[in-house]
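What follows is input-v5.csv (CSV, C-alpha atoms).
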chain,number,residue,atom,x,y,z
A,30,MET,CA,98.4,-20.7,43.4
A,31,GLY,CA,100.9,-19.4,45.9
A,32,HIS,CA,104.6,-19.9,45.3
A,33,PHE,CA,107.7,-20.1,47.5
A,34,GLY,CA,110.7,-19.2,45.3
A,35,LYS,CA,110.2,-20.8,41.9
A,36,TRP,CA,108.2,-23.8,43.2
A,37,PRO,CA,104.4,-24.0,44.0
A,38,ILE,CA,103.7,-24.2,47.7
A,39,GLY,CA,102.2,-27.7,47.2
A,40,ILE,CA,105.5,-29.1,46.0
A,41,TRP,CA,107.4,-27.5,48.8
A,42,PHE,CA,104.9,-29.1,51.3
A,43,CYS,CA,105.4,-32.5,49.8
A,44,PHE,CA,109.1,-32.0,49.8
A,45,LEU,CA,109.1,-31.0,53.5
A,46,CYS,CA,106.8,-33.9,54.4
A,47,PHE,CA,109.2,-36.4,52.8
A,48,PHE,CA,112.0,-35.2,55.0
A,49,LEU,CA,109.9,-35.0,58.1
A,50,MET,CA,108.5,-38.6,57.8
A,51,LYS,CA,110.0,-40.8,60.5
A,52,VAL,CA,110.9,-44.5,60.6
A,53,ALA,CA,110.1,-46.9,63.4
A,54,PHE,CA,111.8,-50.2,63.9
A,55,VAL,CA,109.5,-52.7,65.6
A,56,PHE,CA,110.6,-56.0,67.1
A,57,PRO,CA,108.5,-59.2,67.2
A,58,GLY,CA,107.6,-61.4,70.2
A,59,GLN,CA,107.1,-65.2,70.5
A,60,GLY,CA,105.8,-66.9,67.5
A,61,SER,CA,108.3,-65.5,65.0
A,62,GLN,CA,110.9,-68.2,65.7
A,63,TYR,CA,111.8,-70.9,63.1
A,64,ALA,CA,114.7,-73.2,62.4
A,65,GLY,CA,117.1,-71.5,60.1
A,66,MET,CA,116.5,-68.0,61.5
A,67,GLY,CA,119.5,-65.7,61.2
A,68,ARG,CA,121.7,-68.2,59.3
A,69,GLU,CA,121.6,-66.5,56.0
A,70,ILE,CA,122.5,-63.0,57.3
A,71,CYS,CA,125.3,-64.5,59.4
A,72,GLU,CA,126.9,-66.1,56.4
A,73,LYS,CA,127.1,-62.8,54.6
A,74,PHE,CA,127.5,-60.1,57.3
A,75,PRO,CA,130.3,-60.4,59.9
A,76,VAL,CA,128.5,-57.9,62.2
A,77,ALA,CA,125.5,-60.3,62.3
A,78,ARG,CA,127.7,-63.2,63.2
A,79,ALA,CA,129.3,-61.2,65.9
A,80,ALA,CA,125.9,-60.6,67.5
A,81,PHE,CA,125.3,-64.3,67.7
A,82,ASP,CA,128.8,-64.9,69.1
A,83,GLU,CA,128.0,-62.4,71.8
A,84,ALA,CA,124.8,-64.1,72.7
A,85,ASN,CA,126.4,-67.5,72.7
A,86,ALA,CA,129.1,-66.3,75.2
A,87,ALA,CA,126.5,-64.5,77.4
A,88,LEU,CA,124.3,-67.6,77.6
A,89,ASP,CA,127.1,-70.1,77.7
A,90,PHE,CA,125.0,-72.0,75.2
A,91,PRO,CA,125.1,-72.2,71.4
A,92,ILE,CA,121.9,-70.2,70.7
A,93,SER,CA,123.2,-69.7,67.2
A,94,ARG,CA,123.2,-73.4,66.4
A,95,LEU,CA,119.7,-73.7,67.8
A,96,CYS,CA,118.5,-70.8,65.6
A,97,PHE,CA,120.3,-72.0,62.5
A,98,GLU,CA,119.6,-75.8,62.8
A,99,GLY,CA,116.8,-76.3,65.4
A,100,PRO,CA,115.4,-78.7,66.4
A,101,GLU,CA,112.0,-76.9,66.4
A,102,GLN,CA,110.9,-78.5,69.7
A,103,ASP,CA,113.9,-77.0,71.5
A,104,LEU,CA,113.6,-73.7,69.8
A,105,LYS,CA,110.0,-73.5,70.9
A,106,LEU,CA,110.9,-73.7,74.6
A,107,THR,CA,110.2,-70.3,76.0
A,108,GLU,CA,113.5,-69.9,77.7
A,109,ASN,CA,115.2,-70.5,74.3
A,110,THR,CA,112.7,-68.7,72.1
A,111,GLN,CA,113.0,-65.4,73.8
A,112,PRO,CA,116.9,-65.0,73.5
A,113,ALA,CA,116.7,-66.5,70.0
A,114,ILE,CA,114.3,-63.9,68.7
A,115,LEU,CA,116.2,-61.1,70.4
A,116,THR,CA,119.5,-62.2,68.9
A,117,THR,CA,118.1,-62.6,65.4
A,118,SER,CA,116.4,-59.2,65.5
A,119,THR,CA,119.6,-57.6,66.9
A,120,ALA,CA,121.7,-59.1,64.2
A,121,LEU,CA,119.4,-57.6,61.5
A,122,PHE,CA,119.4,-54.3,63.3
A,123,ARG,CA,123.2,-54.2,63.3
A,124,VAL,CA,123.4,-55.0,59.6
A,125,LEU,CA,121.0,-52.1,58.8
A,126,GLU,CA,122.9,-49.8,61.2
A,127,GLU,CA,126.1,-50.6,59.4
A,128,LYS,CA,124.4,-49.7,56.1
A,129,GLY,CA,123.3,-46.4,57.5
A,130,VAL,CA,119.7,-47.2,58.2
A,131,ARG,CA,118.6,-46.0,61.6
A,132,PRO,CA,115.2,-45.6,63.3
A,133,ASP,CA,113.6,-42.5,64.8
A,134,PHE,CA,111.6,-44.6,67.2
A,135,VAL,CA,111.6,-48.2,68.3
A,136,ALA,CA,109.1,-50.5,70.0
A,137,GLY,CA,108.6,-54.2,70.5
A,138,HIS,CA,105.8,-56.7,71.2
A,139,SER,CA,106.2,-58.4,74.6
A,140,LEU,CA,109.8,-59.8,74.6
A,141,GLY,CA,110.4,-57.6,71.6
A,142,GLU,CA,110.4,-54.6,74.0
A,143,TYR,CA,113.7,-56.0,75.3
A,144,SER,CA,115.0,-56.1,71.7
A,145,ALA,CA,113.9,-52.5,71.2
A,146,LEU,CA,115.7,-51.4,74.4
A,147,CYS,CA,118.8,-53.3,73.2
A,148,ALA,CA,118.7,-51.4,69.9
A,149,ALA,CA,118.3,-48.2,71.8
A,150,GLN,CA,121.4,-49.0,73.9
A,151,SER,CA,119.6,-49.2,77.2
A,152,PHE,CA,121.0,-52.7,77.6
A,153,ASP,CA,123.9,-54.4,75.8
A,154,LEU,CA,123.1,-57.6,74.0
A,155,ALA,CA,124.8,-59.9,76.6
A,156,THR,CA,122.7,-58.4,79.4
A,157,THR,CA,119.5,-58.5,77.3
A,158,ALA,CA,120.0,-62.2,76.4
A,159,LYS,CA,120.5,-63.2,80.0
A,160,LEU,CA,117.4,-61.3,81.1
A,161,LEU,CA,115.3,-62.9,78.4
A,162,LYS,CA,116.6,-66.4,79.3
A,163,LEU,CA,115.6,-65.8,82.9
A,164,ARG,CA,112.3,-64.2,81.8
A,165,GLY,CA,111.5,-67.3,79.7
A,166,GLN,CA,112.3,-69.7,82.6
A,167,ALA,CA,110.3,-67.6,85.1
A,168,MET,CA,107.3,-67.3,82.9
A,169,GLN,CA,107.2,-71.1,82.2
A,170,GLN,CA,107.6,-71.9,85.9
A,171,ALA,CA,105.0,-69.4,87.1
A,172,VAL,CA,102.1,-71.7,86.2
A,173,PRO,CA,102.0,-75.5,85.9
A,174,VAL,CA,101.5,-76.8,82.4
A,175,GLY,CA,97.8,-77.3,81.7
A,176,VAL,CA,96.6,-74.8,84.3
A,177,GLY,CA,96.6,-71.7,82.0
A,178,ALA,CA,95.8,-71.0,78.4
A,179,MET,CA,95.4,-68.2,75.9
A,180,ALA,CA,93.1,-67.5,73.0
A,181,ALA,CA,92.8,-64.9,70.2
A,182,LEU,CA,89.5,-63.2,69.7
A,183,LEU,CA,89.1,-62.2,66.1
A,184,GLY,CA,86.6,-59.6,65.0
A,185,ALA,CA,86.7,-58.2,68.6
A,186,ASP,CA,87.9,-54.8,69.7
A,187,LEU,CA,89.2,-54.1,73.2
A,188,ALA,CA,85.9,-53.3,74.8
A,189,LEU,CA,84.2,-56.4,73.5
A,190,ALA,CA,87.2,-58.6,74.5
A,191,GLN,CA,87.0,-57.2,78.0
A,192,LYS,CA,83.3,-58.0,78.2
A,193,ILE,CA,83.9,-61.6,77.1
A,194,ALA,CA,86.8,-62.0,79.6
A,195,ASP,CA,84.7,-60.6,82.5
A,196,ALA,CA,81.8,-62.9,81.6
A,197,ALA,CA,84.0,-66.0,81.3
A,198,ALA,CA,86.0,-65.4,84.5
A,199,ARG,CA,83.6,-66.8,87.1
A,200,GLY,CA,86.1,-66.4,89.9
A,201,GLU,CA,89.1,-67.4,87.8
A,202,VAL,CA,91.6,-65.3,86.0
A,203,CYS,CA,90.6,-64.2,82.5
A,204,ALA,CA,92.3,-61.0,81.3
A,205,VAL,CA,93.1,-59.2,78.2
A,206,ALA,CA,96.7,-59.9,77.4
A,207,ASN,CA,97.4,-58.3,74.0
A,208,ASP,CA,95.4,-55.5,72.4
A,209,ASN,CA,97.0,-56.2,69.0
A,210,ASP,CA,94.9,-54.3,66.5
A,211,PRO,CA,91.3,-53.1,66.0
A,212,SER,CA,90.1,-56.6,65.1
A,213,GLN,CA,92.4,-58.9,67.2
A,214,VAL,CA,92.7,-59.1,71.0
A,215,VAL,CA,94.3,-62.0,72.9
A,216,ILE,CA,93.0,-63.1,76.3
A,217,SER,CA,94.9,-65.1,79.0
A,218,GLY,CA,94.2,-66.9,82.3
A,219,HIS,CA,93.0,-70.1,83.8
A,220,LYS,CA,92.3,-72.8,81.2
A,221,GLY,CA,88.7,-73.2,82.4
A,222,ALA,CA,88.0,-69.5,82.0
A,223,ILE,CA,89.6,-69.3,78.6
A,224,ASP,CA,87.6,-72.4,77.4
A,225,ARG,CA,84.4,-70.6,78.6
A,226,ALA,CA,85.4,-67.4,76.7
A,227,ILE,CA,86.0,-69.4,73.5
A,228,GLU,CA,82.5,-70.9,73.8
A,229,MET,CA,80.7,-67.7,74.4
A,230,ALA,CA,82.8,-65.4,72.2
A,231,LYS,CA,80.7,-65.7,69.0
A,232,GLU,CA,77.4,-65.2,70.6
A,233,MET,CA,78.7,-62.1,72.4
A,234,GLY,CA,79.8,-60.6,69.0
A,235,ALA,CA,83.3,-61.8,68.2
A,236,LYS,CA,83.8,-63.3,64.7
A,237,ARG,CA,85.9,-66.2,66.0
A,238,ALA,CA,87.9,-67.4,69.0
A,239,ILE,CA,91.1,-69.5,68.5
A,240,PRO,CA,93.0,-71.2,71.3
A,241,LEU,CA,96.7,-70.5,71.0
A,242,PRO,CA,99.4,-73.1,71.2
A,243,VAL,CA,101.3,-71.6,74.1
A,244,SER,CA,102.9,-73.2,77.1
A,245,ALA,CA,101.8,-70.6,79.7
A,246,PRO,CA,99.2,-67.8,80.2
A,247,PHE,CA,101.4,-64.8,79.4
A,248,HIS,CA,100.5,-61.2,80.3
A,249,CYS,CA,97.9,-61.9,83.0
A,250,PRO,CA,98.0,-61.9,86.9
A,251,LEU,CA,98.9,-65.6,86.9
A,252,MET,CA,102.4,-64.4,85.9
A,253,GLN,CA,103.0,-62.5,89.1
A,254,PRO,CA,105.8,-65.0,90.3
A,255,ALA,CA,107.6,-64.2,87.0
A,256,ALA,CA,107.1,-60.5,87.5
A,257,GLU,CA,108.8,-60.8,91.0
A,258,ALA,CA,111.7,-62.8,89.4
A,259,MET,CA,112.2,-60.0,86.8
A,260,ARG,CA,112.0,-57.3,89.5
A,261,ASP,CA,114.8,-59.0,91.3
A,262,ALA,CA,116.9,-59.5,88.1
A,263,LEU,CA,116.4,-56.0,86.8
A,264,GLY,CA,117.4,-54.6,90.1
A,265,TYR,CA,121.0,-55.8,89.5
A,266,VAL,CA,121.5,-54.4,85.9
A,267,VAL,CA,122.3,-51.0,84.7
A,268,VAL,CA,119.6,-49.4,82.5
A,269,GLU,CA,120.9,-46.6,80.3
A,270,PRO,CA,118.7,-43.8,78.9
A,271,PRO,CA,117.7,-44.9,75.4
A,272,VAL,CA,119.4,-43.1,72.5
A,273,VAL,CA,116.1,-43.1,70.5
A,274,PRO,CA,112.6,-43.1,72.0
A,275,VAL,CA,111.3,-46.5,73.0
A,276,PHE,CA,107.5,-47.0,73.3
A,277,ALA,CA,106.6,-49.1,76.3
A,278,ASN,CA,104.1,-52.0,76.2
A,279,VAL,CA,102.3,-51.0,79.3
A,280,THR,CA,101.8,-47.3,78.5
A,281,ALA,CA,102.0,-47.1,74.7
A,282,GLN,CA,104.2,-44.0,75.3
A,283,PRO,CA,107.9,-43.4,75.0
A,284,GLU,CA,110.0,-43.4,78.2
A,285,SER,CA,113.6,-42.3,78.8
A,286,ASP,CA,114.0,-42.5,82.6
A,287,PRO,CA,116.0,-45.7,83.5
A,288,ASP,CA,114.1,-46.4,86.7
A,289,THR,CA,110.7,-46.0,85.0
A,290,ILE,CA,111.8,-48.4,82.2
A,291,ARG,CA,112.9,-50.9,84.8
A,292,ASN,CA,109.5,-50.7,86.6
A,293,GLN,CA,107.6,-50.9,83.3
A,294,LEU,CA,109.4,-54.1,82.3
A,295,VAL,CA,108.2,-55.7,85.6
A,296,GLU,CA,104.7,-54.5,85.0
A,297,GLN,CA,104.8,-55.8,81.5
A,298,VAL,CA,105.0,-59.5,82.7
A,299,THR,CA,101.4,-59.4,84.1
A,300,GLY,CA,100.1,-56.3,82.2
A,301,MET,CA,98.4,-55.9,78.8
A,302,VAL,CA,100.5,-55.3,75.7
A,303,ARG,CA,99.0,-52.1,74.3
A,304,TRP,CA,100.2,-52.7,70.7
A,305,ARG,CA,97.2,-51.0,69.0
A,306,GLU,CA,97.8,-47.8,70.8
A,307,THR,CA,101.6,-48.0,70.4
A,308,ALA,CA,101.4,-48.2,66.6
A,309,SER,CA,98.7,-45.5,66.5
A,310,ASN,CA,100.8,-43.2,68.8
A,311,MET,CA,103.9,-43.7,66.6
A,312,PHE,CA,101.9,-42.9,63.5
A,313,ASP,CA,100.6,-39.8,65.1
A,314,ALA,CA,104.1,-38.8,66.0
A,315,GLY,CA,105.1,-38.8,62.3
A,316,VAL,CA,106.1,-42.4,61.7
A,317,HIS,CA,104.9,-43.4,58.3
A,318,GLU,CA,107.5,-46.2,57.7
A,319,PHE,CA,107.4,-49.2,60.0
A,320,VAL,CA,110.2,-51.8,59.7
A,321,GLU,CA,109.7,-55.2,61.4
A,322,LEU,CA,113.0,-56.9,62.2
A,323,GLY,CA,113.0,-60.7,62.2
A,324,GLY,CA,109.3,-61.3,61.8
A,325,LYS,CA,106.2,-60.9,59.6
A,326,VAL,CA,103.4,-60.6,62.2
A,327,LEU,CA,103.6,-57.0,63.5
A,328,GLY,CA,103.5,-55.5,60.0
A,329,GLY,CA,100.0,-56.9,59.4
A,330,MET,CA,98.8,-55.5,62.7
A,331,VAL,CA,100.3,-52.1,61.9
A,332,LYS,CA,98.5,-51.9,58.6
A,333,ARG,CA,95.2,-52.6,60.3
A,334,ILE,CA,95.9,-49.9,62.8
A,335,ALA,CA,97.4,-47.3,60.4
A,336,PRO,CA,96.3,-48.2,56.9
A,337,ASP,CA,98.3,-45.2,55.4
A,338,ALA,CA,101.6,-46.4,56.9
A,339,THR,CA,104.2,-48.2,54.9
A,340,VAL,CA,105.2,-51.6,56.4
A,341,THR,CA,108.4,-53.5,55.6
A,342,SER,CA,109.4,-56.9,57.0
A,343,VAL,CA,113.2,-57.5,57.1
A,344,VAL,CA,114.1,-61.2,57.4
A,345,SER,CA,116.4,-62.0,54.5
A,346,ILE,CA,119.5,-60.6,52.8
A,347,GLU,CA,117.2,-59.4,50.0
A,348,ASP,CA,115.0,-57.5,52.5
A,349,VAL,CA,118.1,-55.9,54.0
A,350,GLU,CA,119.5,-54.7,50.7
A,351,ALA,CA,116.1,-53.4,49.5
A,352,LEU,CA,115.5,-51.4,52.6
A,353,ALA,CA,119.0,-50.0,52.7
A,354,LYS,CA,118.6,-48.9,49.1
A,355,GLU,CA,115.2,-47.2,49.9
A,356,ILE,CA,116.1,-45.4,53.1
A,357,ALA,CA,119.8,-44.9,53.5

Represent the structure contained in this file as structure tokens.
Amino acid sequence: MGHFGKWPIGIWFCFLCFFLMKVAFVFPGQGSQYAGMGREICEKFPVARAAFDEANAALDFPISRLCFEGPEQDLKLTENTQPAILTTSTALFRVLEEKGVRPDFVAGHSLGEYSALCAAQSFDLATTAKLLKLRGQAMQQAVPVGVGAMAALLGADLALAQKIADAAARGEVCAVANDNDPSQVVISGHKGAIDRAIEMAKEMGAKRAIPLPVSAPFHCPLMQPAAEAMRDALGYVVVEPPVVPVFANVTAQPESDPDTIRNQLVEQVTGMVRWRETASNMFDAGVHEFVELGGKVLGGMVKRIAPDATVTSVVSIEDVEALAKEIA
């Protein structure tokens, strides 16, 4: 066996790989909200409390009270959900940062892309909270309640989901909204088309189709009015180059040019969230530790995409302390 110094080459290789392994922070989208979110970490960490105070001031609304106490029905309103999840994720990020835990890459699912850009210092928290409040309002107003719908296709890959969507459209909108992992794809569009897709999914090869309890058909062409609203809003804010690479939803690649980031956020409103490719590309770039801040959904997707990756969910004080001990 070859040697390098006094140690076998194999040991040197393992030692080198340990230090070359990268960490990605990933930020969840809608569905990760719950009454009580963020309360525990704010009680212990002043830097977390400060994040909620910043968001409260920016929104001129006590988003902290809504996160800590609910009620659930108000927290589930899209215009509240989006800044609530952002603020909770950012609070956790700042606590980890204070403890010396920093990512090599960041990415977020749908609204989580804004959280990722905030973590990468492309936006400050106040600006991000305002943008997401507007985004939530615009997305809700783009389509009247009852006109659109979404469904998860389980046991279907992207190609099969696209076939089902095309077959179900029949002149209406039926599009792939989220390519989440190799066995879960979400479709979005007119309610009639989504209902047809659910009916035909199993006979076309999907394991199961589940209607999602959402208030609007996100990430499909019906969201074009919301995309225009975001184009206008993003035109008035400064986008700084990110300090760490941010993988974009619409390309599944990192981007650093501010104007391109701005355009991608507009495209994201109507475009497909390419999460499967995003996680795969980060793994290929050397990320073997994925840390989900403020949720427990993306981690499961990542494990189905990159089974050899380590996935950690950070929600509680115990999660924070365990990760800090492991990585810092």

Using only C-alpha atoms, determine which residues lie at most 9 Å from Ala258 in chain A, disregarding the query and same-chain residues fewer than 2 positions distant; provide the list as a PyMOL selection string.
-> chain A and resi 163-164+167+253-256+260-263+295

Put those residues in a file: C-alpha atoms, as a compact mmCIF listing (two decimals), keeping the file's coordinate frame.
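Everything below was put into out-v3.txt:
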# COMPACT_ATOMS: atom_id res chain seq x y z
CA LEU A 163 115.60 -65.80 82.90
CA ARG A 164 112.30 -64.20 81.80
CA ALA A 167 110.30 -67.60 85.10
CA GLN A 253 103.00 -62.50 89.10
CA PRO A 254 105.80 -65.00 90.30
CA ALA A 255 107.60 -64.20 87.00
CA ALA A 256 107.10 -60.50 87.50
CA ARG A 260 112.00 -57.30 89.50
CA ASP A 261 114.80 -59.00 91.30
CA ALA A 262 116.90 -59.50 88.10
CA LEU A 263 116.40 -56.00 86.80
CA VAL A 295 108.20 -55.70 85.60

When distances are computed from all atoms listed in the file, which of A:Gly218, A:Gly184, A:Pro270, A:Pro336 shows the smallest separation from Ser244 in chain A?
-> A:Gly218

Skipping near chain neighbours, those fewer than 3 positions away, what residues fall within 12 Å of Glu72 in chain A using only C-alpha atoms, listed as a list in words?
-> Gly65, Met66, Gly67, Arg68, Glu69, Pro75, Val76, Ala77, Arg78, Ala79, Phe81, Ser93, Phe97, Ala120, Ser345 and Ile346 of chain A

Which residue out of A:Ala171, A:Leu161, A:Val55, A:Ala64 has the minimum interatomic distance to Leu88 in chain A when only C-alpha atoms are used?
-> A:Leu161

Selected residue of minimal separation from Gly58 in chain A among A:Cys249, A:Met301, A:Ala113, A:Val176, counting all atoms listed in the file |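 Result for the nearest residue to Gly58 in chain A: A:Ala113.
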
Extract, using all atoms listed in the file, all DNA, RNA and protein residues at most 12 Å from Asp89 in chain A, discarding same-chain residues fewer than 4 positions from it, and format them as a ChimeraX atom specification.
-> /A:81-85,93,155,158-159,162

Check the smallest atom-to-atom distance from each of A:Asp288, A:Glu257, A:Glu321, A:Glu296 to His138 in chain A using only C-alpha atoms, then report the winner.
->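 Nearest candidate to His138 in chain A out of A:Asp288, A:Glu257, A:Glu321, A:Glu296: A:Glu321.
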
Which is closest to Tyr63 in chain A among A:Ala80, A:Leu106, A:Ile290, A:Ala335, if we use all atoms listed in the file?
->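 Nearest to Tyr63 in chain A: A:Leu106.
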
Can you pull out every residue within 9 Å of Ala145 in chain A, counting only C-alpha atoms, but drop anything in the same chain fewer than 6 positions away, and send it as an NGL selection string?
-> :A and (54-56 or 115 or 119 or 135-137 or 151 or 275-276)

Residues at most 12 Å from range 198-206 of chain A, counting all atoms listed in the file, excluding those fewer than 5 positions away in the same chain, as an NGL selection string?
-> :A and (138-139 or 176-182 or 185-193 or 213-227 or 229 or 246-252 or 278-279 or 297-304)

Which one is closest to Thr280 in chain A: A:Met330, A:Arg305, A:Leu146, A:Val267? Count only C-alpha atoms.
->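 With only C-alpha atoms as the atom set, the closest residue is A:Arg305.
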
Figure out the distance between CA of Ser309 in chain A and CA of Thr289 in chain A, please, to one decimal in Å.
->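 So the answer is 22.1 Å.
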
Kindly compute an axis-aligned box around the listed atoms of range 337-346 of chain A, allowing 5 Å on each side, and express its centre and edge lengths in Å to one decimal as lines of an AutoDock Vina configuration file.
center_x = 108.9
center_y = -53.6
center_z = 55.1
size_x = 31.2
size_y = 26.8
size_z = 14.6

Which distance in Å separates CA of Met311 in chain A and CA of Ser342 in chain A, to one decimal?
->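 CA of Ser342 in chain A lies at a distance of 17.2 Å from CA of Met311 in chain A.
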
Would you fill the gaps in range 337-349 of chain A so it has N, CA and C atoms, then print it as a compact mmCIF listing (two decimals), keeping the file's coordinate frame?
# COMPACT_ATOMS: atom_id res chain seq x y z
N ASP A 337 97.47 -46.09 56.27
CA ASP A 337 98.30 -45.20 55.40
C ASP A 337 99.77 -45.43 55.61
N ALA A 338 100.16 -46.21 56.59
CA ALA A 338 101.60 -46.40 56.90
C ALA A 338 102.18 -47.41 55.86
N THR A 339 103.48 -47.28 55.66
CA THR A 339 104.20 -48.20 54.90
C THR A 339 104.86 -49.25 55.81
N VAL A 340 104.72 -50.51 55.50
CA VAL A 340 105.20 -51.60 56.40
C VAL A 340 106.18 -52.46 55.61
N THR A 341 107.34 -52.70 56.21
CA THR A 341 108.40 -53.50 55.60
C THR A 341 108.80 -54.61 56.58
N SER A 342 108.89 -55.84 56.13
CA SER A 342 109.40 -56.90 57.00
C SER A 342 110.83 -57.23 56.50
N VAL A 343 111.76 -57.25 57.45
CA VAL A 343 113.20 -57.50 57.10
C VAL A 343 113.56 -58.86 57.78
N VAL A 344 113.73 -59.87 56.95
CA VAL A 344 114.10 -61.20 57.40
C VAL A 344 115.33 -61.72 56.64
N SER A 345 115.35 -61.48 55.33
CA SER A 345 116.40 -62.00 54.50
C SER A 345 117.40 -61.01 54.03
N ILE A 346 118.45 -61.48 53.37
CA ILE A 346 119.50 -60.60 52.80
C ILE A 346 118.81 -59.65 51.79
N GLU A 347 117.91 -60.18 50.96
CA GLU A 347 117.20 -59.40 50.00
C GLU A 347 116.43 -58.24 50.64
N ASP A 348 115.79 -58.55 51.76
CA ASP A 348 115.00 -57.50 52.50
C ASP A 348 115.96 -56.43 53.00
N VAL A 349 117.11 -56.83 53.52
CA VAL A 349 118.10 -55.90 54.00
C VAL A 349 118.56 -54.94 52.93
